[in-house]
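Engineer: Dropping the structure in here first, questions after.
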Amino acid sequence: MDPVKVGVLGLGTVGGGTVNVLQRNAEEIARRAGRGIVVTHAAARDLNKPRICSTDGITLTTDPKEVVEDPDVAIVVELIGGDTLALDLVMRAIENGKHVVTANKALIAKHGNEIFAAAQAKGVIVAFEAAVAGGIPIIKAIREGLAGNQIEWLAGIINGTGNFILTEMRDKGRDFDDVLKEAQALGYAEADPEFDVEGIDAAHKLTILASIAFGIPLQFDAAFTEGITKITREDVTYAEELGYRIKHLGVSRRTDKGVELRVHPTLIPERRLIANVDGVMNAVLVQGDAVGPTLYYGAGAGDEPTASAVVADVVDVVRVLTSDPENRVPHLAFQPDSLSDLPILKMEDVETAYYLRMQVKDEPGVLADVTRILGDKGISIEAIIQKEPEGDATQASVIMLTHKVVEKQMDEAIKQIESLKTITGEVTRIRMENLDAS
Ligand code: HSE
């Protein structure tokens, strides 16, 4: 049988890694797929730029449209990112009857519903394993491996850059910007690093995970997103004193009222495996009703880890090229006409525990005022520490851990606490998850 011809859009970090893996492991991959797979076409913005891969035998162009229009190309691998040109190219590839493999989380989170509908109408596959958690096969695990379960919740460290920054700040006391620059140099960071540090990239990925876990349409606009830019070294230290680590988590949970879809820094008990996932590594914890808790761990970014997921998708496509499209695994794991209308919960209706840090005047009655406000809102305190003012300072830091409460109640309590004359500045709030499987 002739080899399947692949066109790659984008020859940057992931594109270069994909060509390398397909070339280096060609023989083994052909044994798995049942057919050879060759990259015959590729598009790159600048053809003179040095590459991490060899382009021998590949027809190169600066115009990605040429690749999606080429009748020889059976599978288009979209690795240019963004959701404007990428959307046009993917839709055109589908129209032309080509299968698509993409690592583009923004594209899938924002336009996946439309893309999958077009793909279904055309009987082609759009595969996106590399869009979530880099090399970890989490899409396949949830969509196929856990298909017998009702997924109850999932929580993940799904942005490698953010986790790398938090780890380096904690372990080496390094400066935020300095670590971010290193993540950019290593090819981990998004073109716009705000996507990493403000949680947008993680929200794209969580949106996709929630859809395949709960069988709901992709609803990126409903995700609550908070980044890591406000986390200070003090918060990291105080959390550790209390037995917790701060991780940037994406959390999605099915409740009676709807689906939680939220990304924010989170205190996690330090004994949890996921609390010890460091550097650019990602991990996703999935709780199914039958299997219980399961944890998936691996590199969340980088050329070949991401290429590993891209190539696995290409192999999957090749394996089913001759089979009946109706019987393929549905894009969002559930049949398109069986998606549920379970609503996404507003953040104010979500219930979590909290870490609070505030600067207080070191004088009698201050703590009583704070605890009264919390008590009036039905918020119960689990632990409290006070750090005395250092040197000539007159402000003490008070750190509290609370039991679970609905976010709306906490919003109101924080507002009242911040209006006290004895409190300086804003109250720092970090949500806490016990991630207890029972
Ligand atoms: N910027 C992303 C990250 C790349 O750091 O996780 C992988 O999606």
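Chain identifiers are assigned as A, B, and so on, following the order in which chains appear in the structure tokens; residues are numbered from 1 within each chain, and ligands are numbered from 1 in order of appearance.
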Quick one: residues within 8 Å of ligand 1, with only C-alpha atoms and all ligand atoms, as a list of chain:residue names?
Structural biologist: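 Residues satisfying the distance criterion: A:Ala103, A:Lys105, A:Ala130, A:Ala131, A:Val132, A:Ala133, A:Gly134, A:Ile158, A:Asn159, A:Gly160, A:Thr161, A:Gly162, A:Asn163, A:Ala183, A:Tyr188, A:Ala189, A:Glu190, A:Pro193, A:Phe195, A:Asp196, A:Asp201, A:Ala202, A:Val280, A:Asn282, A:Gly300, A:Ala301, A:Gly302, A:Thr306.
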Engineer: Among the residues of region 245-435 of chain A, find those DSSP assigns to strand (DSSP E) from the backbone and print them as number ranges by chain.
Structural biologist: A: 245-254, 259-269, 281-288, 292-299, 351-361, 381-387, 395-402, 405-406, 423-432
Engineer: So the first atom is CA of Met1 (chain A) and the second is CA of Arg35 (chain A); what is the distance between them in Å, to one decimal place?
Structural biologist: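 Computing the Euclidean distance for CA of Met1 (chain A) and CA of Arg35 (chain A) yields 6.6 Å.
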Engineer: Show which residues sit within 9 Å of Met91 (chain A), as a list in words. Count only C-alpha atoms, and ignore same-chain residues fewer than 5 positions away.
Structural biologist: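 The residues that qualify are Ala86, Asn96, Ile115, Ala118 and Ala119 of chain A.
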Engineer: For a quick check of understanding, using only C-alpha atoms, which of A:Arg357, A:His99, A:Arg431, A:Lys421 has the smallest distance to Lys404 (chain A)?
Structural biologist: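 Under the stated criterion, the closest residue is A:Arg431.
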Engineer: At a cut-off of 12 Å, using only C-alpha atoms, what residues contact Ala309 (chain A)? Leave out same-chain residues fewer than 6 positions from it and give the result as a PyMOL selection string.
Structural biologist: chain A and resi 14-15+17-18+21-22+77+101-103+127-140+298-303+315-316
Engineer: Assign secondary structure with DSSP using the backbone only, and return the residues of region 31-107 of chain A in helix (DSSP H, G or I) as a list in words.
Structural biologist: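 Checking each residue of region 31-107 of chain A, the helix (DSSP H, G or I) ones are Arg31, Arg32, Ala33, Pro64, Lys65, Glu66, Val67, Val68, Glu69, Leu85, Ala86, Leu87, Asp88, Leu89, Val90, Met91, Arg92, Ala93, Ile94, Glu95, Lys105, Ala106 and Leu107 of chain A.
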Engineer: Take the residues just selected and output them with N, CA and C atoms as a PDB file, in the first residue's frame.
Structural biologist:
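And here's out_35.pdb as it stands now:
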ATOM      1  N   ARG A  31       4.722   0.033  11.210  1.00  0.00           N
ATOM      2  CA  ARG A  31       4.264  -1.262  11.747  1.00  0.00           C
ATOM      3  C   ARG A  31       2.997  -1.079  12.575  1.00  0.00           C
ATOM      4  N   ARG A  32       2.950   0.041  13.268  1.00  0.00           N
ATOM      5  CA  ARG A  32       1.757   0.278  14.103  1.00  0.00           C
ATOM      6  C   ARG A  32       0.559   0.689  13.260  1.00  0.00           C
ATOM      7  N   ALA A  33       0.808   1.535  12.267  1.00  0.00           N
ATOM      8  CA  ALA A  33      -0.302   2.109  11.489  1.00  0.00           C
ATOM      9  C   ALA A  33      -0.779   1.167  10.391  1.00  0.00           C
ATOM     10  N   PRO A  64       0.349  28.418   3.397  1.00  0.00           N
ATOM     11  CA  PRO A  64      -0.270  27.194   3.936  1.00  0.00           C
ATOM     12  C   PRO A  64      -1.483  26.735   3.121  1.00  0.00           C
ATOM     13  N   LYS A  65      -2.110  27.668   2.384  1.00  0.00           N
ATOM     14  CA  LYS A  65      -3.291  27.293   1.584  1.00  0.00           C
ATOM     15  C   LYS A  65      -2.909  26.258   0.530  1.00  0.00           C
ATOM     16  N   GLU A  66      -1.657  26.382   0.014  1.00  0.00           N
ATOM     17  CA  GLU A  66      -1.224  25.416  -1.006  1.00  0.00           C
ATOM     18  C   GLU A  66      -1.267  23.988  -0.453  1.00  0.00           C
ATOM     19  N   VAL A  67      -0.944  23.855   0.832  1.00  0.00           N
ATOM     20  CA  VAL A  67      -0.927  22.512   1.439  1.00  0.00           C
ATOM     21  C   VAL A  67      -2.348  21.969   1.572  1.00  0.00           C
ATOM     22  N   VAL A  68      -3.275  22.826   2.062  1.00  0.00           N
ATOM     23  CA  VAL A  68      -4.637  22.311   2.270  1.00  0.00           C
ATOM     24  C   VAL A  68      -5.388  22.093   0.955  1.00  0.00           C
ATOM     25  N   GLU A  69      -4.880  22.708  -0.120  1.00  0.00           N
ATOM     26  CA  GLU A  69      -5.533  22.516  -1.429  1.00  0.00           C
ATOM     27  C   GLU A  69      -4.901  21.367  -2.222  1.00  0.00           C
ATOM     28  N   LEU A  85      -6.320  32.475  11.075  1.00  0.00           N
ATOM     29  CA  LEU A  85      -5.845  31.764   9.885  1.00  0.00           C
ATOM     30  C   LEU A  85      -5.998  30.247  10.081  1.00  0.00           C
ATOM     31  N   ALA A  86      -5.685  29.773  11.287  1.00  0.00           N
ATOM     32  CA  ALA A  86      -5.777  28.328  11.550  1.00  0.00           C
ATOM     33  C   ALA A  86      -7.202  27.828  11.317  1.00  0.00           C
ATOM     34  N   LEU A  87      -8.198  28.637  11.738  1.00  0.00           N
ATOM     35  CA  LEU A  87      -9.594  28.222  11.546  1.00  0.00           C
ATOM     36  C   LEU A  87      -9.915  28.111  10.052  1.00  0.00           C
ATOM     37  N   ASP A  88      -9.503  29.123   9.287  1.00  0.00           N
ATOM     38  CA  ASP A  88      -9.780  29.085   7.839  1.00  0.00           C
ATOM     39  C   ASP A  88      -9.141  27.854   7.200  1.00  0.00           C
ATOM     40  N   LEU A  89      -7.892  27.594   7.584  1.00  0.00           N
ATOM     41  CA  LEU A  89      -7.170  26.480   6.961  1.00  0.00           C
ATOM     42  C   LEU A  89      -7.787  25.130   7.325  1.00  0.00           C
ATOM     43  N   VAL A  90      -8.158  24.995   8.596  1.00  0.00           N
ATOM     44  CA  VAL A  90      -8.752  23.724   9.036  1.00  0.00           C
ATOM     45  C   VAL A  90     -10.109  23.513   8.358  1.00  0.00           C
ATOM     46  N   MET A  91     -10.921  24.557   8.290  1.00  0.00           N
ATOM     47  CA  MET A  91     -12.232  24.417   7.648  1.00  0.00           C
ATOM     48  C   MET A  91     -12.068  24.075   6.160  1.00  0.00           C
ATOM     49  N   ARG A  92     -11.071  24.681   5.534  1.00  0.00           N
ATOM     50  CA  ARG A  92     -10.834  24.426   4.106  1.00  0.00           C
ATOM     51  C   ARG A  92     -10.339  22.984   3.905  1.00  0.00           C
ATOM     52  N   ALA A  93      -9.456  22.547   4.813  1.00  0.00           N
ATOM     53  CA  ALA A  93      -8.957  21.165   4.707  1.00  0.00           C
ATOM     54  C   ALA A  93     -10.124  20.182   4.826  1.00  0.00           C
ATOM     55  N   ILE A  94     -11.030  20.465   5.759  1.00  0.00           N
ATOM     56  CA  ILE A  94     -12.195  19.589   5.947  1.00  0.00           C
ATOM     57  C   ILE A  94     -13.057  19.594   4.674  1.00  0.00           C
ATOM     58  N   GLU A  95     -13.303  20.795   4.162  1.00  0.00           N
ATOM     59  CA  GLU A  95     -14.098  20.911   2.931  1.00  0.00           C
ATOM     60  C   GLU A  95     -13.486  20.070   1.809  1.00  0.00           C
ATOM     61  N   LYS A 105      -5.108  24.331  20.975  1.00  0.00           N
ATOM     62  CA  LYS A 105      -6.153  24.329  22.009  1.00  0.00           C
ATOM     63  C   LYS A 105      -7.111  25.509  21.900  1.00  0.00           C
ATOM     64  N   ALA A 106      -6.566  26.699  21.517  1.00  0.00           N
ATOM     65  CA  ALA A 106      -7.448  27.867  21.375  1.00  0.00           C
ATOM     66  C   ALA A 106      -8.478  27.593  20.280  1.00  0.00           C
ATOM     67  N   LEU A 107      -8.005  27.027  19.194  1.00  0.00           N
ATOM     68  CA  LEU A 107      -8.882  26.735  18.054  1.00  0.00           C
ATOM     69  C   LEU A 107      -9.999  25.770  18.459  1.00  0.00           C
TER      70      LEU A 107
END
Engineer: When distances are computed from only C-alpha atoms, which of A:Met410, A:Ala396, A:Ala117, A:Leu367 shows the smallest separation from Ala353 (chain A)?
Structural biologist: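 Residue with the minimum atom-to-atom distance to Ala353 (chain A): A:Met410.
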Engineer: Need the shell around Thr237 (chain A): protein/DNA/RNA residues with any atom at most 10 Å away, counting only C-alpha atoms. Skip same-chain ones fewer than 6 positions apart. Format as a list in words?
Structural biologist: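 Counting only the stated atoms, we get Arg170, Gly243, Tyr244, Arg245 and Ile246 of chain A.
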Engineer: Next, the residues of the selection above should be written as a compact mmCIF listing (two decimals), in the first residue's frame with all heavy atoms.
Structural biologist:
# COMPACT_ATOMS: atom_id res chain seq x y z
N ARG A 170 9.58 28.77 43.80
CA ARG A 170 9.56 28.12 45.11
C ARG A 170 10.92 27.53 45.44
O ARG A 170 11.47 27.75 46.52
CB ARG A 170 8.50 27.01 45.11
CG ARG A 170 8.25 26.44 46.50
CD ARG A 170 7.49 25.13 46.46
NE ARG A 170 8.35 24.07 45.95
CZ ARG A 170 7.92 23.05 45.22
NH1 ARG A 170 6.66 22.98 44.88
NH2 ARG A 170 8.75 22.13 44.80
N GLY A 243 1.26 23.15 55.32
CA GLY A 243 1.20 21.80 54.76
C GLY A 243 0.62 21.73 53.36
O GLY A 243 0.12 20.68 52.93
N TYR A 244 0.66 22.85 52.63
CA TYR A 244 0.07 22.89 51.29
C TYR A 244 1.10 23.36 50.26
O TYR A 244 2.09 23.99 50.58
CB TYR A 244 -1.11 23.87 51.25
CG TYR A 244 -2.31 23.38 52.03
CD1 TYR A 244 -2.39 23.59 53.41
CD2 TYR A 244 -3.35 22.71 51.41
CE1 TYR A 244 -3.49 23.13 54.14
CE2 TYR A 244 -4.44 22.26 52.12
CZ TYR A 244 -4.51 22.47 53.49
OH TYR A 244 -5.59 22.02 54.19
N ARG A 245 0.83 23.05 49.00
CA ARG A 245 1.58 23.62 47.87
C ARG A 245 0.60 24.46 47.04
O ARG A 245 -0.58 24.11 46.97
CB ARG A 245 2.10 22.50 46.95
CG ARG A 245 3.18 21.66 47.55
CD ARG A 245 4.56 22.21 47.19
NE ARG A 245 5.61 21.60 47.99
CZ ARG A 245 6.24 20.48 47.66
NH1 ARG A 245 5.93 19.87 46.54
NH2 ARG A 245 7.18 20.01 48.44
N ILE A 246 1.10 25.50 46.42
CA ILE A 246 0.23 26.27 45.52
C ILE A 246 0.50 25.81 44.09
O ILE A 246 1.63 25.84 43.62
CB ILE A 246 0.50 27.79 45.62
CG1 ILE A 246 0.22 28.27 47.05
CG2 ILE A 246 -0.37 28.55 44.62
CD1 ILE A 246 0.49 29.75 47.28
Engineer: Choose the residue, out of A:Val197, A:Val6, A:Thr232, A:Val73, that has the smallest atom-to-atom separation from Gly173 (chain A); count only C-alpha atoms.
Structural biologist: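 Checking each of A:Val197, A:Val6, A:Thr232, A:Val73 against Gly173 (chain A), counting only C-alpha atoms, the winner is A:Thr232.
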Engineer: With a distance cut-off of 12 Å and only C-alpha atoms, select the neighbouring residues of Asp256 (chain A), excluding the residue or stretch itself and same-chain residues fewer than 5 positions from it, and output the selection as a list of chain:residue names.
Structural biologist: A:Glu152, A:Leu342, A:Pro343, A:Ile344, A:Leu345, A:Asp349, A:Val350
Engineer: Pick from A:His331, A:Lys247, A:Arg262, A:Arg319: nearest to Asn113 (chain A), with only C-alpha atoms counted?
Structural biologist: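 Using only C-alpha atoms, Asn113 (chain A) sits closest to A:His331.
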Engineer: With only C-alpha atoms as the counted atoms, please give the residues lying no more than 9 Å from His264 (chain A), apart from itself and same-chain residues fewer than 6 positions off, as a PDB file with N, CA, C and O atoms, in the first residue's frame.
Structural biologist:
ATOM      1  N   GLY A 199      -3.642  32.323  32.679  1.00  0.00           N
ATOM      2  CA  GLY A 199      -4.534  31.158  32.772  1.00  0.00           C
ATOM      3  C   GLY A 199      -5.380  30.879  31.542  1.00  0.00           C
ATOM      4  O   GLY A 199      -6.195  29.951  31.539  1.00  0.00           O
ATOM      5  N   PHE A 224     -14.125  30.228  34.192  1.00  0.00           N
ATOM      6  CA  PHE A 224     -13.567  31.237  35.105  1.00  0.00           C
ATOM      7  C   PHE A 224     -12.047  31.114  35.051  1.00  0.00           C
ATOM      8  O   PHE A 224     -11.501  30.022  35.186  1.00  0.00           O
ATOM      9  N   THR A 225     -11.378  32.242  34.845  1.00  0.00           N
ATOM     10  CA  THR A 225      -9.930  32.194  34.613  1.00  0.00           C
ATOM     11  C   THR A 225      -9.181  33.176  35.496  1.00  0.00           C
ATOM     12  O   THR A 225      -9.468  34.367  35.476  1.00  0.00           O
ATOM     13  N   GLU A 226      -8.239  32.655  36.273  1.00  0.00           N
ATOM     14  CA  GLU A 226      -7.367  33.510  37.084  1.00  0.00           C
ATOM     15  C   GLU A 226      -5.949  32.975  36.937  1.00  0.00           C
ATOM     16  O   GLU A 226      -5.728  31.770  37.007  1.00  0.00           O
ATOM     17  N   GLY A 227      -4.980  33.873  36.730  1.00  0.00           N
ATOM     18  CA  GLY A 227      -3.601  33.440  36.477  1.00  0.00           C
ATOM     19  C   GLY A 227      -2.741  33.410  37.717  1.00  0.00           C
ATOM     20  O   GLY A 227      -3.245  33.456  38.842  1.00  0.00           O
ATOM     21  N   ILE A 228      -1.418  33.363  37.503  1.00  0.00           N
ATOM     22  CA  ILE A 228      -0.498  33.203  38.637  1.00  0.00           C
ATOM     23  C   ILE A 228       0.250  34.497  38.969  1.00  0.00           C
ATOM     24  O   ILE A 228       1.113  34.500  39.834  1.00  0.00           O
ATOM     25  N   LYS A 247      -0.534  25.361  43.436  1.00  0.00           N
ATOM     26  CA  LYS A 247      -0.428  24.936  42.037  1.00  0.00           C
ATOM     27  C   LYS A 247      -1.490  25.670  41.231  1.00  0.00           C
ATOM     28  O   LYS A 247      -2.578  25.975  41.756  1.00  0.00           O
ATOM     29  N   HIS A 248      -1.180  25.907  39.957  1.00  0.00           N
ATOM     30  CA  HIS A 248      -2.197  26.509  39.097  1.00  0.00           C
ATOM     31  C   HIS A 248      -3.009  25.364  38.512  1.00  0.00           C
ATOM     32  O   HIS A 248      -2.496  24.565  37.727  1.00  0.00           O
ATOM     33  N   LEU A 249      -4.259  25.265  38.930  1.00  0.00           N
ATOM     34  CA  LEU A 249      -5.079  24.098  38.551  1.00  0.00           C
ATOM     35  C   LEU A 249      -6.242  24.492  37.650  1.00  0.00           C
ATOM     36  O   LEU A 249      -6.817  25.576  37.789  1.00  0.00           O
ATOM     37  N   GLY A 250      -6.583  23.584  36.761  1.00  0.00           N
ATOM     38  CA  GLY A 250      -7.864  23.646  36.071  1.00  0.00           C
ATOM     39  C   GLY A 250      -8.742  22.613  36.750  1.00  0.00           C
ATOM     40  O   GLY A 250      -8.320  21.465  36.907  1.00  0.00           O
ATOM     41  N   VAL A 251      -9.930  23.012  37.178  1.00  0.00           N
ATOM     42  CA  VAL A 251     -10.822  22.085  37.886  1.00  0.00           C
ATOM     43  C   VAL A 251     -12.175  22.064  37.191  1.00  0.00           C
ATOM     44  O   VAL A 251     -12.736  23.127  36.886  1.00  0.00           O
ATOM     45  N   ILE A 430      -6.692  32.574  47.821  1.00  0.00           N
ATOM     46  CA  ILE A 430      -6.346  31.461  46.943  1.00  0.00           C
ATOM     47  C   ILE A 430      -7.279  30.306  47.300  1.00  0.00           C
ATOM     48  O   ILE A 430      -7.420  29.966  48.478  1.00  0.00           O
ATOM     49  N   ARG A 431      -7.932  29.772  46.297  1.00  0.00           N
ATOM     50  CA  ARG A 431      -8.885  28.689  46.576  1.00  0.00           C
ATOM     51  C   ARG A 431      -8.130  27.409  46.943  1.00  0.00           C
ATOM     52  O   ARG A 431      -6.983  27.235  46.520  1.00  0.00           O
TER      53      ARG A 431
END
Engineer: Given the choices A:Gly156, A:Gly112, A:Gly148, A:Gly10, which gets closest to Thr266 (chain A) if the distance is worked out from only C-alpha atoms?
Structural biologist: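 Smallest distance to Thr266 (chain A) is found for A:Gly156.
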